[in-house]
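S.K.: Starting off with a structure, shown below.
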Amino acid sequence: MKCKICKEDAIIYLPSHNLALCEQHFFDFCKRRVQKAIKRYNLLDEGEKILVALSGGKDSLTLAYLLKELGYKIEGYYIDLGIEEYSERSKEKVLNFADRYGIKVHIEQVKELFWGYSIPQIAYITRRPACSVCGHIKRYLMNRFGYENGFSALATGHNLDDEVGVLFGNIINWKMGYLGRQSPLLPSTNRKLLKKVKPLVLCGEREIAAFALTYGIDYIEMECPHVKGSTYLYNKGLINRLEEKSPGSKLRFYQGFLENKHLFKEEDVDLKECEVCGYPTTSRICTFCNIRRKIKERIKGQT
Ligand code: AMP
Ligand code: FES
Ligand code: ZN
Ligand code: ZN
């Protein structure tokens with residue numbers, strides 16, 4: 001197969017775009033996809049100070065690489081969740097990556113903030129699924145760190161496949177509120193809430209994996225042992241079968257949704273300040289502080 005642009009040997013064929021590309025043109029293609037998402041959805045301004053949430057996986061590392069390549073001012077942020085081998089190995093990948101590409105990276109440790117308890121232990125004590133507790137804590141910490149350190153945007157590595165999987169689940173269950181909120185851009189609605197952006201939403205998982213492999217981005221392949229519910233993974237499998245039969249379905253589904261987003265009204269939320277930490281929340285005390293309170297009670301009960 002030959003590259004459609006320069007006729008050199010192609011390294012990848014992209015059925016969704018009916019496009020074969022050589023190494024150089026595949027690089028340009030990925031860069032342009034990110035640029036296109038940033039422009040089309042108005043994600044970032046030039047000169048903004050961006051905090052990139054790095055998990056050590058292919059998506060977030062590729063995102064940091066491409067944002068830097070596009071000239072954005074970025075710093076990385078990694079949360080050590082204390083999930084034994086998974087966290088140790090992912091931290092190593094993040095540190096090696098940051099070192100290699102000269103990206104400053106900040107690290108926070110769940111165990112330090114929760115009196116020695118890790119995510120699985122916190123999940124056990126609070127009797128909540130690990131992924132749910134983990135998601136809350138991660139979102140809270142990313143936002144707090146970014147806000148307290150003068151960043152104006154938080155970028156995460158969510159890709160097209162992630163967004164399509166979530167969209168499909170939300171439509172199957174007609175979660176109108178979630179549909180109204182699902183977007184590559186969550187503007188800052190409060191001075192203590194950072195703008196959240198997902199610049200990889202037009203890039204498929206397969207393209208990102210190929211990019212990381214081709215350009216030597218060393219990422220963790222191991223999945224978190226507490227991976228999200230099987231329905232989400234099952235849906236992703238279904239969507240991949242559809243994509244195989246009809247290439248481009250994922251992109252059409254997702255872009256069509258964004259074009260028709262006005263059909264799904266965003267729910268108005270009444271934000272108050274958490275009585276403990278002062279960060280915006282819909283209840284009196286935010287979920288993060290509630291989790292911390294439960295852990296404190298447990299420690300008191302033991303002494
Ligand atoms: P996930 O929710 O695990 O699918 O991850 C979605 C995005 O959240 C990733 O692409 C990263 O940008 C970010 N992320 C996930 N885990 C971490 C972590 N431990 N530290 C920092 N960012 C993370
Ligand atoms: Fe949070 Fe798996 S990454 S529980
Ligand atoms: Zn070429
Ligand atoms: Zn709070």
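Every chain in the structure tokens has a letter given in the order shown (A, B, ...), and although residue numbers restart at 1 in each chain, ligands are simply numbered from 1 in the order shown.
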Can I get the residues of stretch 56-134 of chain A within 12 Å of stretch 21-39 of chain A, each with the closest pair of atoms and their distance in Å to one decimal, using only C-alpha atoms, sorted chain first then ascending number, as CSV?
M.R.:
```
residue,atom,partner,partner_atom,distance
A:Thr62,CA,A:Cys30,CA,9.9
A:Leu63,CA,A:Val34,CA,8.4
A:Ala64,CA,A:Val34,CA,11.0
A:Tyr65,CA,A:Lys31,CA,9.8
A:Leu66,CA,A:Lys31,CA,6.3
A:Leu67,CA,A:Val34,CA,8.1
A:Lys68,CA,A:Lys31,CA,10.5
A:Glu69,CA,A:Lys31,CA,8.0
A:Leu70,CA,A:Lys31,CA,7.4
A:Gly71,CA,A:Gln35,CA,10.9
A:Tyr72,CA,A:Gln35,CA,11.0
```
S.K.: Could those residues be written to a file, using N, CA and C atoms, as a short mmCIF file (atom, residue, chain, number, x, y, z; two decimals), in the first residue's frame?
M.R.:
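Printed below is again_8.cif as written:
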```cif
data_model
loop_
_atom_site.label_atom_id
_atom_site.label_comp_id
_atom_site.auth_asym_id
_atom_site.auth_seq_id
_atom_site.Cartn_x
_atom_site.Cartn_y
_atom_site.Cartn_z
N THR A 62 0.28 10.58 24.53
CA THR A 62 0.23 11.07 23.14
C THR A 62 -0.33 12.48 23.11
N LEU A 63 -1.33 12.74 23.94
CA LEU A 63 -1.92 14.08 24.00
C LEU A 63 -0.86 15.12 24.39
N ALA A 64 -0.10 14.80 25.45
CA ALA A 64 0.93 15.75 25.91
C ALA A 64 1.95 15.97 24.79
N TYR A 65 2.35 14.90 24.15
CA TYR A 65 3.33 14.98 23.06
C TYR A 65 2.82 15.90 21.95
N LEU A 66 1.57 15.69 21.53
CA LEU A 66 1.03 16.47 20.41
C LEU A 66 0.76 17.92 20.79
N LEU A 67 0.31 18.15 22.02
CA LEU A 67 0.08 19.55 22.43
C LEU A 67 1.40 20.32 22.45
N LYS A 68 2.44 19.63 22.92
CA LYS A 68 3.76 20.28 22.96
C LYS A 68 4.22 20.56 21.53
N GLU A 69 4.04 19.56 20.69
CA GLU A 69 4.41 19.69 19.27
C GLU A 69 3.67 20.86 18.61
N LEU A 70 2.43 21.09 19.04
CA LEU A 70 1.64 22.18 18.47
C LEU A 70 1.98 23.53 19.09
N GLY A 71 2.91 23.52 20.04
CA GLY A 71 3.39 24.79 20.59
C GLY A 71 2.67 25.26 21.84
N TYR A 72 1.83 24.41 22.45
CA TYR A 72 1.12 24.83 23.66
C TYR A 72 2.02 24.75 24.89
#
```
S.K.: For A:Cys286, find every residue with an atom within 10 Å (counting only C-alpha atoms), except residues of its own chain fewer than 5 positions away, and show them as a ChimeraX atom specification.
M.R.: /A:136,140,272-281,291
S.K.: List as a list in words the protein and nucleic acid residues lying within 7 Å of ligand 1, with only C-alpha atoms and all ligand atoms counted.
M.R.: Val52, Ala53, Leu54, Ser55, Asp59, Ser60, Tyr77, Tyr78, Ile79, Asp80, Leu81, Gly135, Lys138, Ala155, Thr156, Gly157 and His158 of chain A
S.K.: For ligand 2, return the neighbouring residues as a ChimeraX atom specification (distance at most 8 Å; only C-alpha atoms and all ligand atoms).
M.R.: /A:81,83,119-120,130-135,138,223-228
S.K.: Quick one: distance from atom CA of A:Phe168 to atom CA of A:Gly248 in Å, one decimal?
M.R.: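 Atom CA of A:Gly248 lies 15.4 Å from atom CA of A:Phe168.
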S.K.: Counting only C-alpha atoms, what is within 10 Å of A:Leu251, bar same-chain residues fewer than 3 positions away, as a PDB file with all heavy atoms, in the first residue's frame?
M.R.:
```
ATOM      1  N   SER A  16     -11.679   4.469   8.269  1.00  0.00           N
ATOM      2  CA  SER A  16     -12.716   5.490   8.496  1.00  0.00           C
ATOM      3  C   SER A  16     -12.492   6.722   7.622  1.00  0.00           C
ATOM      4  O   SER A  16     -13.404   7.515   7.404  1.00  0.00           O
ATOM      5  CB  SER A  16     -12.752   5.887   9.968  1.00  0.00           C
ATOM      6  OG  SER A  16     -11.457   6.179  10.411  1.00  0.00           O
ATOM      7  N   HIS A  17     -11.260   6.910   7.139  1.00  0.00           N
ATOM      8  CA  HIS A  17     -10.977   8.052   6.265  1.00  0.00           C
ATOM      9  C   HIS A  17     -10.604   7.579   4.857  1.00  0.00           C
ATOM     10  O   HIS A  17     -10.223   8.392   4.029  1.00  0.00           O
ATOM     11  CB  HIS A  17      -9.817   8.881   6.835  1.00  0.00           C
ATOM     12  CG  HIS A  17     -10.096   9.430   8.205  1.00  0.00           C
ATOM     13  ND1 HIS A  17     -10.650  10.656   8.417  1.00  0.00           N
ATOM     14  CD2 HIS A  17      -9.929   8.880   9.434  1.00  0.00           C
ATOM     15  CE1 HIS A  17     -10.798  10.860   9.719  1.00  0.00           C
ATOM     16  NE2 HIS A  17     -10.361   9.795  10.359  1.00  0.00           N
ATOM     17  N   LEU A 160     -11.826   9.330  20.889  1.00  0.00           N
ATOM     18  CA  LEU A 160     -13.108   9.137  20.203  1.00  0.00           C
ATOM     19  C   LEU A 160     -13.831   7.883  20.704  1.00  0.00           C
ATOM     20  O   LEU A 160     -15.035   7.905  20.950  1.00  0.00           O
ATOM     21  CB  LEU A 160     -12.858   9.031  18.690  1.00  0.00           C
ATOM     22  CG  LEU A 160     -14.088   8.747  17.836  1.00  0.00           C
ATOM     23  CD1 LEU A 160     -15.080   9.909  17.880  1.00  0.00           C
ATOM     24  CD2 LEU A 160     -13.681   8.500  16.377  1.00  0.00           C
ATOM     25  N   ASP A 161     -13.093   6.791  20.872  1.00  0.00           N
ATOM     26  CA  ASP A 161     -13.722   5.543  21.308  1.00  0.00           C
ATOM     27  C   ASP A 161     -14.326   5.685  22.708  1.00  0.00           C
ATOM     28  O   ASP A 161     -15.416   5.164  22.977  1.00  0.00           O
ATOM     29  CB  ASP A 161     -12.710   4.389  21.296  1.00  0.00           C
ATOM     30  CG  ASP A 161     -12.278   4.029  19.888  1.00  0.00           C
ATOM     31  OD1 ASP A 161     -11.734   4.924  19.204  1.00  0.00           O
ATOM     32  OD2 ASP A 161     -12.503   2.883  19.469  1.00  0.00           O
ATOM     33  N   VAL A 164     -17.498   7.858  22.327  1.00  0.00           N
ATOM     34  CA  VAL A 164     -18.583   7.142  21.661  1.00  0.00           C
ATOM     35  C   VAL A 164     -19.168   6.086  22.607  1.00  0.00           C
ATOM     36  O   VAL A 164     -20.390   5.911  22.677  1.00  0.00           O
ATOM     37  CB  VAL A 164     -18.082   6.513  20.334  1.00  0.00           C
ATOM     38  CG1 VAL A 164     -19.076   5.512  19.780  1.00  0.00           C
ATOM     39  CG2 VAL A 164     -17.823   7.607  19.307  1.00  0.00           C
ATOM     40  N   VAL A 201     -10.650  13.980  21.020  1.00  0.00           N
ATOM     41  CA  VAL A 201     -11.955  13.393  20.694  1.00  0.00           C
ATOM     42  C   VAL A 201     -12.144  13.030  19.217  1.00  0.00           C
ATOM     43  O   VAL A 201     -13.033  12.263  18.897  1.00  0.00           O
ATOM     44  CB  VAL A 201     -13.157  14.274  21.132  1.00  0.00           C
ATOM     45  CG1 VAL A 201     -13.336  14.257  22.620  1.00  0.00           C
ATOM     46  CG2 VAL A 201     -13.043  15.677  20.577  1.00  0.00           C
ATOM     47  N   LEU A 202     -11.308  13.564  18.351  1.00  0.00           N
ATOM     48  CA  LEU A 202     -11.458  13.181  16.935  1.00  0.00           C
ATOM     49  C   LEU A 202     -10.443  12.107  16.543  1.00  0.00           C
ATOM     50  O   LEU A 202     -10.309  11.772  15.364  1.00  0.00           O
ATOM     51  CB  LEU A 202     -11.317  14.423  16.031  1.00  0.00           C
ATOM     52  CG  LEU A 202     -12.369  15.519  16.241  1.00  0.00           C
ATOM     53  CD1 LEU A 202     -12.153  16.664  15.256  1.00  0.00           C
ATOM     54  CD2 LEU A 202     -13.785  14.961  16.086  1.00  0.00           C
ATOM     55  N   CYS A 203      -9.719  11.575  17.526  1.00  0.00           N
ATOM     56  CA  CYS A 203      -8.715  10.541  17.252  1.00  0.00           C
ATOM     57  C   CYS A 203      -9.180   9.206  17.840  1.00  0.00           C
ATOM     58  O   CYS A 203      -9.516   9.121  19.029  1.00  0.00           O
ATOM     59  CB  CYS A 203      -7.379  10.892  17.900  1.00  0.00           C
ATOM     60  SG  CYS A 203      -6.711  12.470  17.364  1.00  0.00           S
ATOM     61  N   GLY A 204      -9.181   8.195  17.009  1.00  0.00           N
ATOM     62  CA  GLY A 204      -9.596   6.866  17.453  1.00  0.00           C
ATOM     63  C   GLY A 204      -8.485   6.187  18.253  1.00  0.00           C
ATOM     64  O   GLY A 204      -7.305   6.536  18.129  1.00  0.00           O
ATOM     65  N   GLU A 243     -18.273  -0.476  13.444  1.00  0.00           N
ATOM     66  CA  GLU A 243     -17.244   0.290  12.725  1.00  0.00           C
ATOM     67  C   GLU A 243     -16.594  -0.567  11.630  1.00  0.00           C
ATOM     68  O   GLU A 243     -16.315  -0.092  10.531  1.00  0.00           O
ATOM     69  CB  GLU A 243     -16.187   0.785  13.724  1.00  0.00           C
ATOM     70  CG  GLU A 243     -15.041   1.568  13.118  1.00  0.00           C
ATOM     71  CD  GLU A 243     -15.410   2.991  12.703  1.00  0.00           C
ATOM     72  OE1 GLU A 243     -16.416   3.517  13.185  1.00  0.00           O
ATOM     73  OE2 GLU A 243     -14.654   3.545  11.868  1.00  0.00           O
ATOM     74  N   PRO A 247     -17.160   1.532   8.162  1.00  0.00           N
ATOM     75  CA  PRO A 247     -16.111   2.425   8.655  1.00  0.00           C
ATOM     76  C   PRO A 247     -16.550   3.890   8.682  1.00  0.00           C
ATOM     77  O   PRO A 247     -17.234   4.347   7.765  1.00  0.00           O
ATOM     78  CB  PRO A 247     -14.965   2.228   7.648  1.00  0.00           C
ATOM     79  CG  PRO A 247     -15.226   0.911   7.019  1.00  0.00           C
ATOM     80  CD  PRO A 247     -16.719   0.731   7.007  1.00  0.00           C
ATOM     81  N   GLY A 248     -16.180   4.560   9.749  1.00  0.00           N
ATOM     82  CA  GLY A 248     -16.555   5.976   9.872  1.00  0.00           C
ATOM     83  C   GLY A 248     -17.780   6.169  10.759  1.00  0.00           C
ATOM     84  O   GLY A 248     -18.168   7.301  11.051  1.00  0.00           O
ATOM     85  N   TYR A 254     -20.542  10.479  16.688  1.00  0.00           N
ATOM     86  CA  TYR A 254     -20.088  11.465  17.671  1.00  0.00           C
ATOM     87  C   TYR A 254     -20.213  12.895  17.151  1.00  0.00           C
ATOM     88  O   TYR A 254     -20.747  13.773  17.829  1.00  0.00           O
ATOM     89  CB  TYR A 254     -18.637  11.159  18.075  1.00  0.00           C
ATOM     90  CG  TYR A 254     -18.152  12.079  19.170  1.00  0.00           C
ATOM     91  CD1 TYR A 254     -18.747  12.062  20.430  1.00  0.00           C
ATOM     92  CD2 TYR A 254     -17.109  12.981  18.953  1.00  0.00           C
ATOM     93  CE1 TYR A 254     -18.320  12.913  21.429  1.00  0.00           C
ATOM     94  CE2 TYR A 254     -16.674  13.833  19.954  1.00  0.00           C
ATOM     95  CZ  TYR A 254     -17.286  13.791  21.190  1.00  0.00           C
ATOM     96  OH  TYR A 254     -16.872  14.638  22.178  1.00  0.00           O
ATOM     97  N   GLN A 255     -19.757  13.104  15.928  1.00  0.00           N
ATOM     98  CA  GLN A 255     -19.825  14.472  15.396  1.00  0.00           C
ATOM     99  C   GLN A 255     -21.280  14.898  15.188  1.00  0.00           C
ATOM    100  O   GLN A 255     -21.641  16.046  15.446  1.00  0.00           O
ATOM    101  CB  GLN A 255     -19.029  14.581  14.096  1.00  0.00           C
ATOM    102  CG  GLN A 255     -17.534  14.538  14.372  1.00  0.00           C
ATOM    103  CD  GLN A 255     -16.698  14.748  13.121  1.00  0.00           C
ATOM    104  OE1 GLN A 255     -16.880  14.061  12.128  1.00  0.00           O
ATOM    105  NE2 GLN A 255     -15.784  15.679  13.166  1.00  0.00           N
ATOM    106  N   GLY A 256     -22.107  13.943  14.768  1.00  0.00           N
ATOM    107  CA  GLY A 256     -23.536  14.240  14.588  1.00  0.00           C
ATOM    108  C   GLY A 256     -24.153  14.634  15.916  1.00  0.00           C
ATOM    109  O   GLY A 256     -24.960  15.569  15.987  1.00  0.00           O
ATOM    110  N   PHE A 257     -23.760  13.940  16.965  1.00  0.00           N
ATOM    111  CA  PHE A 257     -24.281  14.279  18.296  1.00  0.00           C
ATOM    112  C   PHE A 257     -23.900  15.712  18.664  1.00  0.00           C
ATOM    113  O   PHE A 257     -24.733  16.504  19.108  1.00  0.00           O
ATOM    114  CB  PHE A 257     -23.733  13.282  19.327  1.00  0.00           C
ATOM    115  CG  PHE A 257     -23.839  13.753  20.753  1.00  0.00           C
ATOM    116  CD1 PHE A 257     -25.076  13.861  21.366  1.00  0.00           C
ATOM    117  CD2 PHE A 257     -22.707  14.108  21.475  1.00  0.00           C
ATOM    118  CE1 PHE A 257     -25.179  14.314  22.681  1.00  0.00           C
ATOM    119  CE2 PHE A 257     -22.799  14.559  22.785  1.00  0.00           C
ATOM    120  CZ  PHE A 257     -24.051  14.662  23.384  1.00  0.00           C
TER     121      PHE A 257
END
```
S.K.: Considering only C-alpha atoms, return as JSON, numbers by chain whatever protein or nucleic-acid residues lie within 8 Å of A:Tyr219, sequence-local ones (same chain, fewer than 5 positions apart) excluded.
M.R.: {"A": [56, 57, 58, 61, 90, 93, 94, 212]}
S.K.: Pull the helix (DSSP H, G or I) assignments for stretch 17-66 of chain A out of DSSP run on the backbone, and list those residues as a ChimeraX atom specification.
M.R.: /A:17,23-40,58-66
S.K.: Would you compute the distance between atom CA of A:Gly82 and atom CA of A:Asn143? Give it in Å to one decimal.
M.R.: 19.5 Å
S.K.: Which residue, A:Ile103, A:Ile171, A:Glu221, A:Pro15, has the smallest gap to A:Lys245 when you use only C-alpha atoms?
M.R.: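 Closest residue, counting only C-alpha atoms: A:Pro15.
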S.K.: Would you work out the distance separating atom CA of A:Lys104 from atom CA of A:Lys192, expressed in Å to one decimal?
M.R.: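 Those two atoms sit 23.0 Å apart.
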S.K.: Among stretch 162-205 of chain A, which ones does DSSP place in strand (DSSP E or B), written as a list of chain:residue names?
M.R.: A:Leu185, A:Leu186, A:Lys195, A:Lys196, A:Val197
S.K.: Suppose we keep all heavy atoms; can you now write the selection as a PDB file, in the first residue's frame?
M.R.:
```pdb
ATOM      1  N   LEU A 185     -15.633  20.128  25.562  1.00  0.00           N
ATOM      2  CA  LEU A 185     -15.295  21.355  26.298  1.00  0.00           C
ATOM      3  C   LEU A 185     -16.272  21.575  27.441  1.00  0.00           C
ATOM      4  O   LEU A 185     -17.475  21.675  27.227  1.00  0.00           O
ATOM      5  CB  LEU A 185     -15.394  22.557  25.341  1.00  0.00           C
ATOM      6  CG  LEU A 185     -15.395  23.933  25.997  1.00  0.00           C
ATOM      7  CD1 LEU A 185     -14.014  24.288  26.535  1.00  0.00           C
ATOM      8  CD2 LEU A 185     -15.841  24.999  25.007  1.00  0.00           C
ATOM      9  N   LEU A 186     -15.758  21.599  28.655  1.00  0.00           N
ATOM     10  CA  LEU A 186     -16.583  22.009  29.790  1.00  0.00           C
ATOM     11  C   LEU A 186     -16.041  23.346  30.253  1.00  0.00           C
ATOM     12  O   LEU A 186     -14.969  23.409  30.862  1.00  0.00           O
ATOM     13  CB  LEU A 186     -16.505  20.996  30.945  1.00  0.00           C
ATOM     14  CG  LEU A 186     -17.174  19.639  30.761  1.00  0.00           C
ATOM     15  CD1 LEU A 186     -17.051  18.811  32.028  1.00  0.00           C
ATOM     16  CD2 LEU A 186     -18.652  19.808  30.403  1.00  0.00           C
ATOM     17  N   LYS A 195     -11.489  25.071  33.345  1.00  0.00           N
ATOM     18  CA  LYS A 195     -12.049  24.609  32.074  1.00  0.00           C
ATOM     19  C   LYS A 195     -11.477  23.217  31.797  1.00  0.00           C
ATOM     20  O   LYS A 195     -10.285  22.984  32.010  1.00  0.00           O
ATOM     21  CB  LYS A 195     -11.605  25.608  31.006  1.00  0.00           C
ATOM     22  CG  LYS A 195     -11.795  25.146  29.596  1.00  0.00           C
ATOM     23  CD  LYS A 195     -11.522  26.279  28.627  1.00  0.00           C
ATOM     24  CE  LYS A 195     -10.054  26.367  28.257  1.00  0.00           C
ATOM     25  NZ  LYS A 195      -9.794  27.339  27.183  1.00  0.00           N
ATOM     26  N   LYS A 196     -12.336  22.273  31.337  1.00  0.00           N
ATOM     27  CA  LYS A 196     -11.857  20.911  31.044  1.00  0.00           C
ATOM     28  C   LYS A 196     -11.948  20.663  29.542  1.00  0.00           C
ATOM     29  O   LYS A 196     -13.005  20.936  28.949  1.00  0.00           O
ATOM     30  CB  LYS A 196     -12.719  19.852  31.750  1.00  0.00           C
ATOM     31  CG  LYS A 196     -13.106  20.190  33.192  1.00  0.00           C
ATOM     32  CD  LYS A 196     -12.066  19.760  34.157  1.00  0.00           C
ATOM     33  CE  LYS A 196     -12.333  20.050  35.615  1.00  0.00           C
ATOM     34  NZ  LYS A 196     -13.351  20.929  36.063  1.00  0.00           N
ATOM     35  N   VAL A 197     -10.880  20.158  28.954  1.00  0.00           N
ATOM     36  CA  VAL A 197     -10.905  19.930  27.506  1.00  0.00           C
ATOM     37  C   VAL A 197     -10.396  18.528  27.146  1.00  0.00           C
ATOM     38  O   VAL A 197      -9.586  17.947  27.854  1.00  0.00           O
ATOM     39  CB  VAL A 197     -10.051  20.980  26.748  1.00  0.00           C
ATOM     40  CG1 VAL A 197     -10.626  22.375  26.923  1.00  0.00           C
ATOM     41  CG2 VAL A 197      -8.600  20.956  27.189  1.00  0.00           C
TER      42      VAL A 197
END
```
